[in-house]
>>> print(open('run_26.pdb').read())   # PDB, C-alpha atoms and all ligand atoms
ATOM      1  CA  MET A 264      90.711   9.681  67.748
ATOM      2  CA  HIS A 265      87.392  11.487  67.951
ATOM      3  CA  ALA A 266      87.519  14.652  65.826
ATOM      4  CA  GLY A 267      84.913  17.395  65.715
ATOM      5  CA  VAL A 268      84.531  19.755  62.772
ATOM      6  CA  ILE A 269      82.720  23.017  63.457
ATOM      7  CA  ALA A 270      80.075  22.720  60.760
ATOM      8  CA  VAL A 271      78.531  26.169  60.731
ATOM      9  CA  GLN A 272      80.125  26.809  57.325
ATOM     10  CA  GLY A 273      83.116  25.830  55.242
ATOM     11  CA  ASP A 274      84.926  22.748  53.985
ATOM     12  CA  VAL A 275      83.585  20.234  56.478
ATOM     13  CA  ALA A 276      83.939  17.094  54.319
ATOM     14  CA  GLU A 277      87.428  18.063  53.136
ATOM     15  CA  HIS A 278      88.648  18.576  56.698
ATOM     16  CA  ALA A 279      87.108  15.272  57.765
ATOM     17  CA  GLU A 280      88.976  13.498  54.963
ATOM     18  CA  ALA A 281      92.279  15.184  55.892
ATOM     19  CA  VAL A 282      91.862  14.107  59.534
ATOM     20  CA  ARG A 283      91.246  10.516  58.470
ATOM     21  CA  ARG A 284      94.339  10.578  56.238
ATOM     22  CA  ALA A 285      96.529  12.070  58.955
ATOM     23  CA  ALA A 286      95.236   9.523  61.489
ATOM     24  CA  ALA A 287      95.775   6.624  59.062
ATOM     25  CA  ALA A 288      99.436   7.640  58.748
ATOM     26  CA  HIS A 289      99.674   6.979  62.501
ATOM     27  CA  ASP A 290      97.701   3.717  62.366
ATOM     28  CA  THR A 291      94.949   5.503  64.261
ATOM     29  CA  ASP A 292      91.259   5.290  63.460
ATOM     30  CA  ALA A 293      89.487   8.637  63.362
ATOM     31  CA  THR A 294      85.787   9.183  63.833
ATOM     32  CA  VAL A 295      84.609  12.591  62.693
ATOM     33  CA  VAL A 296      81.499  14.412  63.914
ATOM     34  CA  GLU A 297      79.999  17.654  62.671
ATOM     35  CA  ILE A 298      79.362  20.280  65.327
ATOM     36  CA  ARG A 299      76.365  22.595  65.033
ATOM     37  CA  GLU A 300      75.149  22.664  68.613
ATOM     38  CA  ALA A 301      76.412  22.641  72.175
ATOM     39  CA  GLY A 302      77.177  19.345  73.908
ATOM     40  CA  VAL A 303      79.335  17.725  71.210
ATOM     41  CA  VAL A 304      82.710  19.436  71.752
ATOM     42  CA  PRO A 305      83.294  17.918  75.243
ATOM     43  CA  ASP A 306      83.542  14.426  73.698
ATOM     44  CA  CYS A 307      86.079  15.466  71.045
ATOM     45  CA  ASP A 308      89.824  14.818  71.280
ATOM     46  CA  VAL A 309      90.623  17.332  68.527
ATOM     47  CA  LEU A 310      88.708  20.153  66.866
ATOM     48  CA  LEU A 311      88.702  21.750  63.426
ATOM     49  CA  MET A 312      87.594  25.291  62.766
ATOM     50  CA  PRO A 313      87.120  25.642  58.976
ATOM     51  CA  GLY A 314      87.052  28.750  56.819
ATOM     52  CA  GLY A 315      83.935  30.565  55.694
ATOM     53  CA  GLU A 316      82.727  33.938  56.866
ATOM     54  CA  SER A 317      84.144  34.739  60.274
ATOM     55  CA  THR A 318      81.312  37.141  61.211
ATOM     56  CA  THR A 319      78.725  34.384  60.674
ATOM     57  CA  ILE A 320      80.782  31.669  62.357
ATOM     58  CA  SER A 321      81.471  33.878  65.388
ATOM     59  CA  ARG A 322      77.810  34.798  65.789
ATOM     60  CA  LEU A 323      76.615  31.187  65.666
ATOM     61  CA  LEU A 324      79.334  29.830  67.951
ATOM     62  CA  HIS A 325      78.342  32.300  70.656
ATOM     63  CA  ARG A 326      74.602  31.960  70.090
ATOM     64  CA  GLU A 327      74.697  28.150  70.280
ATOM     65  CA  GLY A 328      76.967  28.055  73.338
ATOM     66  CA  ILE A 329      79.737  26.310  71.383
ATOM     67  CA  ALA A 330      82.254  29.145  71.936
ATOM     68  CA  ALA A 331      82.577  28.441  75.665
ATOM     69  CA  GLU A 332      83.069  24.724  74.992
ATOM     70  CA  ILE A 333      85.876  25.458  72.520
ATOM     71  CA  ARG A 334      87.601  27.589  75.159
ATOM     72  CA  GLU A 335      87.353  24.726  77.653
ATOM     73  CA  HIS A 336      88.748  22.283  75.081
ATOM     74  CA  VAL A 337      91.824  24.504  74.581
ATOM     75  CA  ALA A 338      92.183  25.158  78.327
ATOM     76  CA  ALA A 339      92.402  21.371  78.734
ATOM     77  CA  GLY A 340      95.325  21.361  76.278
ATOM     78  CA  LYS A 341      93.493  19.514  73.509
ATOM     79  CA  PRO A 342      94.466  20.248  69.875
ATOM     80  CA  VAL A 343      92.648  22.591  67.515
ATOM     81  CA  LEU A 344      93.357  23.343  63.855
ATOM     82  CA  ALA A 345      91.849  26.670  62.775
ATOM     83  CA  THR A 346      91.989  27.690  59.132
ATOM     84  CA  CYS A 347      91.308  31.039  57.485
ATOM     85  CA  ALA A 348      88.028  32.326  59.006
ATOM     86  CA  GLY A 349      88.720  29.806  61.814
ATOM     87  CA  LEU A 350      91.965  31.662  62.502
ATOM     88  CA  ILE A 351      90.082  34.979  62.562
ATOM     89  CA  VAL A 352      87.561  33.602  65.086
ATOM     90  CA  CYS A 353      90.327  32.121  67.284
ATOM     91  CA  SER A 354      92.487  35.261  67.248
ATOM     92  CA  ARG A 355      92.900  37.762  70.074
ATOM     93  CA  ASP A 356      91.611  40.621  67.930
ATOM     94  CA  ALA A 357      89.941  40.622  64.522
ATOM     95  CA  LYS A 358      89.464  44.395  64.472
ATOM     96  CA  ASP A 359      85.840  43.964  63.492
ATOM     97  CA  ASP A 360      82.942  44.439  65.926
ATOM     98  CA  ARG A 361      81.022  41.629  64.253
ATOM     99  CA  VAL A 362      83.669  39.089  65.270
ATOM    100  CA  ASP A 363      83.703  38.261  68.986
ATOM    101  CA  ALA A 364      87.179  36.709  68.838
ATOM    102  CA  LEU A 365      87.830  33.765  71.152
ATOM    103  CA  GLY A 366      91.355  34.859  72.123
ATOM    104  CA  LEU A 367      92.792  31.361  71.750
ATOM    105  CA  VAL A 368      95.672  32.386  69.491
ATOM    106  CA  ASP A 369      97.634  35.428  70.602
ATOM    107  CA  VAL A 370      97.651  37.207  67.236
ATOM    108  CA  SER A 371      95.705  40.072  65.763
ATOM    109  CA  VAL A 372      94.448  39.769  62.219
ATOM    110  CA  ASP A 373      93.298  41.990  59.434
ATOM    111  CA  ARG A 374      90.340  40.274  57.764
ATOM    112  CA  ASN A 375      90.643  39.916  53.964
ATOM    113  CA  ALA A 376      93.927  41.848  53.936
ATOM    114  CA  PHE A 377      95.643  39.415  51.573
ATOM    115  CA  GLY A 378      92.394  39.346  49.637
ATOM    116  CA  ARG A 379      92.367  43.042  49.006
ATOM    117  CA  GLN A 380      95.628  42.674  47.141
ATOM    118  CA  LYS A 381      94.694  39.525  45.290
ATOM    119  CA  ASP A 382      91.477  37.631  45.936
ATOM    120  CA  SER A 383      93.094  34.232  46.026
ATOM    121  CA  PHE A 384      96.457  32.736  45.256
ATOM    122  CA  GLU A 385      98.456  29.578  45.735
ATOM    123  CA  ALA A 386     102.044  29.227  46.890
ATOM    124  CA  GLU A 387     104.585  26.567  47.767
ATOM    125  CA  ILE A 388     105.553  27.475  51.308
ATOM    126  CA  ALA A 389     108.194  26.182  53.697
ATOM    127  CA  VAL A 390     106.603  25.087  56.978
ATOM    128  CA  ASP A 391     108.677  24.440  60.105
ATOM    129  CA  GLU A 392     108.454  20.773  61.058
ATOM    130  CA  LEU A 393     107.738  19.707  57.437
ATOM    131  CA  ALA A 394     110.571  18.306  55.347
ATOM    132  CA  SER A 395     109.348  19.656  51.995
ATOM    133  CA  PRO A 396     107.201  22.630  50.869
ATOM    134  CA  PHE A 397     103.427  22.634  51.362
ATOM    135  CA  HIS A 398     101.096  23.735  48.568
ATOM    136  CA  ALA A 399      99.012  26.441  50.255
ATOM    137  CA  VAL A 400      95.733  27.787  48.861
ATOM    138  CA  PHE A 401      94.786  31.288  50.042
ATOM    139  CA  ILE A 402      91.182  32.525  49.585
ATOM    140  CA  ARG A 403      90.349  36.029  50.829
ATOM    141  CA  ALA A 404      92.915  35.263  53.459
ATOM    142  CA  PRO A 405      93.423  37.164  56.704
ATOM    143  CA  LEU A 406      96.745  38.870  57.375
ATOM    144  CA  ILE A 407      98.331  38.202  60.758
ATOM    145  CA  ASP A 408      99.631  41.633  61.701
ATOM    146  CA  ASP A 409     100.726  41.114  65.299
ATOM    147  CA  VAL A 410     102.106  38.007  66.988
ATOM    148  CA  GLY A 411     102.319  37.529  70.765
ATOM    149  CA  GLU A 412     105.499  36.435  72.545
ATOM    150  CA  ASP A 413     104.534  32.810  73.049
ATOM    151  CA  VAL A 414     103.314  32.249  69.502
ATOM    152  CA  GLU A 415     105.496  30.131  67.247
ATOM    153  CA  VAL A 416     105.491  31.200  63.583
ATOM    154  CA  LEU A 417     105.534  28.032  61.461
ATOM    155  CA  ALA A 418     105.417  29.600  57.985
ATOM    156  CA  THR A 419     105.565  32.995  56.275
ATOM    157  CA  VAL A 420     104.773  34.492  52.876
ATOM    158  CA  ASP A 421     106.641  37.724  52.050
ATOM    159  CA  ASP A 422     107.805  37.818  55.683
ATOM    160  CA  ARG A 423     104.225  37.718  56.966
ATOM    161  CA  PRO A 424     103.137  34.844  59.227
ATOM    162  CA  VAL A 425     100.633  32.485  57.566
ATOM    163  CA  ALA A 426     100.831  29.514  59.958
ATOM    164  CA  VAL A 427     101.273  29.774  63.723
ATOM    165  CA  ARG A 428     101.137  27.598  66.810
ATOM    166  CA  ASP A 429      99.935  28.869  70.186
ATOM    167  CA  GLY A 430      99.948  26.012  72.682
ATOM    168  CA  PRO A 431      97.477  23.359  71.478
ATOM    169  CA  VAL A 432      96.169  25.529  68.619
ATOM    170  CA  VAL A 433      97.623  25.558  65.107
ATOM    171  CA  ALA A 434      96.145  28.277  62.889
ATOM    172  CA  THR A 435      96.684  28.977  59.195
ATOM    173  CA  SER A 436      95.560  31.806  56.954
ATOM    174  CA  PHE A 437      95.413  29.308  54.065
ATOM    175  CA  HIS A 438      93.237  26.220  53.431
ATOM    176  CA  PRO A 439      95.215  22.988  54.038
ATOM    177  CA  GLU A 440      92.086  20.887  53.464
ATOM    178  CA  LEU A 441      91.974  21.835  49.762
ATOM    179  CA  THR A 442      94.912  19.635  48.794
ATOM    180  CA  ALA A 443      95.383  15.904  49.298
ATOM    181  CA  ASP A 444      98.333  16.631  51.602
ATOM    182  CA  PRO A 445      97.352  15.998  55.257
ATOM    183  CA  ARG A 446     100.613  17.218  56.807
ATOM    184  CA  ILE A 447      99.183  20.376  58.396
ATOM    185  CA  HIS A 448      96.438  18.305  60.043
ATOM    186  CA  ASP A 449      99.165  15.884  61.039
ATOM    187  CA  LEU A 450     101.335  18.474  62.766
ATOM    188  CA  ALA A 451      98.283  19.976  64.482
ATOM    189  CA  PHE A 452      96.898  16.698  65.821
ATOM    190  CA  PHE A 453     100.030  14.587  66.257
ATOM    191  CA  PRO A 454     102.459  17.302  67.370
ATOM    192  CA  ALA A 455     105.024  14.986  68.939
ATOM    193  CA  GLU A 456     105.169  12.451  66.129
ATOM    194  CA  ALA A 457     104.207  14.179  62.881
ATOM    195  CA  VAL A 458     105.096  12.154  59.789
ATOM    196  CA  GLN A 459     107.766  14.202  58.029
ATOM    197  CA  ALA A 460     107.412  12.842  54.493
TER     198      ALA A 460
HETATM  199  N1  LIG B   1      87.715  36.607  54.601
HETATM  200  C1  LIG B   1      86.879  35.669  55.278
HETATM  201  C2  LIG B   1      86.421  36.219  56.608
HETATM  202  O1  LIG B   1      86.686  37.313  56.945
HETATM  203  C3  LIG B   1      87.634  34.369  55.469
HETATM  204  C4  LIG B   1      87.846  33.725  54.143
HETATM  205  C5  LIG B   1      87.994  32.242  54.220
HETATM  206  O2  LIG B   1      87.747  31.604  55.234
HETATM  207  N2  LIG B   1      88.378  31.674  53.090
HETATM  208  O3  LIG B   1      85.748  35.576  57.350
END
>>> encode(input="run_26.pdb", output="structure tokens", more="lines below")
Ligand code: GLN
Amino acid sequence: MHAGVIAVQGDVAEHAEAVRRAAAAHDTDATVVEIREAGVVPDCDVLLMPGGESTTISRLLHREGIAAEIREHVAAGKPVLATCAGLIVCSRDAKDDRVDALGLVDVSVDRNAFGRQKDSFEAEIAVDELASPFHAVFIRAPLIDDVGEDVEVLATVDDRPVAVRDGPVVATSFHPELTADPRIHDLAFFPAEAVQA
């Protein structure tokens, strides 16, 4: 499996490690490349959109011509895992003029909404498709405040969606790469055969 991590900002090494772990659980070798320029995405089987600052990530993705390639990747049905700022960038509407949202996940988000209440927090959350709770780390997390008809909500905190699936894209408002548990990467990249342990 050839995985690309958008490397404008964020936990690039941690995501790369989680992909390798998830792939190993399926006896699959993963090669991981960092994406900072156009021309790399077309060779990737799966993509990761890490957290960071969504305004910066959005600006660079459009400026470098990577945004259009990500759209083509999703249109071809290939998997993407978008986390935190990645979710904001992939949303339909980020309600912020500085974020030119890609519209790949039919949700609208309120940037930093969780963060305004509490800057960061951790929670054991139940995730559909996983047999036991996932330890989720939230850092200035976006709030998903509207979910389109075809979006599957995979997890909630206080009745608010924090993990969703829209076709080939899984998006989380938390940071699954910050624990040693690769199950979110697993369910994003091996949707039909995720290891349930
Ligand atoms: N609040 C940040 C943003 O708006 C996202 C935070 C994160 O990725 N941890 O981009």
>>> closest_residue(input="run_26.pdb", among="A:Glu300, A:Ser321, A:Ala279, A:Pro424", to="Asp409 in chain A", atoms="only C-alpha atoms")
A:Pro424
>>> residues_near_ligand(input="run_26.pdb", ligand="ligand LIG 1 (chain B)", cutoff="7 Å", atoms="only C-alpha atoms and all ligand atoms", output="PyMOL selection string")
chain A and resi 314-318+346-349+351+374-375+402-405
>>> write_last_selection(input="run_26.pdb", atoms="C-alpha atoms", output="JSON list (two decimals), in the frame of the given file")
[["chain", "number", "residue", "atom", "x", "y", "z"],
["A", 314, "GLY", "CA", 87.05, 28.75, 56.82],
["A", 315, "GLY", "CA", 83.94, 30.56, 55.69],
["A", 316, "GLU", "CA", 82.73, 33.94, 56.87],
["A", 317, "SER", "CA", 84.14, 34.74, 60.27],
["A", 318, "THR", "CA", 81.31, 37.14, 61.21],
["A", 346, "THR", "CA", 91.99, 27.69, 59.13],
["A", 347, "CYS", "CA", 91.31, 31.04, 57.48],
["A", 348, "ALA", "CA", 88.03, 32.33, 59.01],
["A", 349, "GLY", "CA", 88.72, 29.81, 61.81],
["A", 351, "ILE", "CA", 90.08, 34.98, 62.56],
["A", 374, "ARG", "CA", 90.34, 40.27, 57.76],
["A", 375, "ASN", "CA", 90.64, 39.92, 53.96],
["A", 402, "ILE", "CA", 91.18, 32.52, 49.58],
["A", 403, "ARG", "CA", 90.35, 36.03, 50.83],
["A", 404, "ALA", "CA", 92.92, 35.26, 53.46],
["A", 405, "PRO", "CA", 93.42, 37.16, 56.70]]
>>> residues_near_point(input="run_26.pdb", point="(89.8, 11.6, 70.7)", cutoff="7 Å", atoms="only C-alpha atoms", output="ChimeraX atom specification")
/A:264-266,307-309
>>> resolve_selection(input="run_26.pdb", expression="the PyMOL selection byres (((chain A and resi 324-330) around 9) and not hetatm)", output="ChimeraX atom specification")
/A:269,271,298-304,319-323,331-335,363,365
>>> closest_residue(input="run_26.pdb", among="A:Ala338, A:Ala288, A:Leu344, A:Cys353", to="Gly267 in chain A", atoms="only C-alpha atoms")
A:Leu344
>>> closest_atom_pairs(input="run_26.pdb", of="range 295-386 of chain A", to="range 430-450 of chain A", cutoff="7 Å", atoms="only C-alpha atoms", output="tab-separated table")
residue	atom	partner	partner_atom	distance
A:Val337	CA	A:Pro431	CA	6.5
A:Gly340	CA	A:Pro431	CA	5.6
A:Lys341	CA	A:Pro431	CA	5.9
A:Pro342	CA	A:Pro431	CA	4.6
A:Val343	CA	A:Val432	CA	4.7
A:Leu344	CA	A:Val433	CA	5.0
A:Ala345	CA	A:Ala434	CA	4.6
A:Thr346	CA	A:Thr435	CA	4.9
A:Cys347	CA	A:Ser436	CA	4.4
A:Leu350	CA	A:Ala434	CA	5.4
A:Val368	CA	A:Val432	CA	6.9
>>> closest_residue(input="run_26.pdb", among="A:Asp369, A:Glu280, A:Asp360, A:Glu392", to="Val410 in chain A", atoms="all atoms listed in the file")
A:Asp369
>>> atom_distance(input="run_26.pdb", atom1="CA of Val425 in chain A", atom2="CA of Phe401 in chain A")
9.6 Å
>>> residues_around(input="run_26.pdb", residues="Gly366 in chain A", least_positions_apart="6", cutoff="8 Å", atoms="only C-alpha atoms", output="PyMOL selection string")
chain A and resi 353-356
>>> atom_distance(input="run_26.pdb", atom1="CA of Val372 in chain A", atom2="CA of Ala270 in chain A")
22.3 Å
>>> atom_distance(input="run_26.pdb", atom1="CA of Leu367 in chain A", atom2="CA of Asp429 in chain A")
7.7 Å
>>> closest_residue(input="run_26.pdb", among="A:Asp422, A:His398, A:Phe453, A:Ser383", to="Ala287 in chain A", atoms="all atoms listed in the file")
A:Phe453
>>> axis_aligned_box(input="run_26.pdb", around="range 326-332 of chain A", padding_each_side="6 Å", output="AutoDock Vina command-line options")
--center_x 78.8 --center_y 28.3 --center_z 72.9 --size_x 20.5 --size_y 19.2 --size_z 17.6
>>> residues_around(input="run_26.pdb", residues="Asp421 in chain A", least_positions_apart="2", cutoff="12 Å", atoms="all atoms listed in the file", output="short mmCIF file (atom, residue, chain, number, x, y, z; two decimals) with C-alpha atoms, keeping the file's coordinate frame")
data_model
loop_
_atom_site.label_atom_id
_atom_site.label_comp_id
_atom_site.auth_asym_id
_atom_site.auth_seq_id
_atom_site.Cartn_x
_atom_site.Cartn_y
_atom_site.Cartn_z
CA PHE A 377 95.64 39.42 51.57
CA ALA A 386 102.04 29.23 46.89
CA ILE A 388 105.55 27.48 51.31
CA ALA A 389 108.19 26.18 53.70
CA LEU A 406 96.74 38.87 57.38
CA ALA A 418 105.42 29.60 57.98
CA THR A 419 105.56 32.99 56.28
CA ARG A 423 104.22 37.72 56.97
CA PRO A 424 103.14 34.84 59.23
CA VAL A 425 100.63 32.48 57.57
#
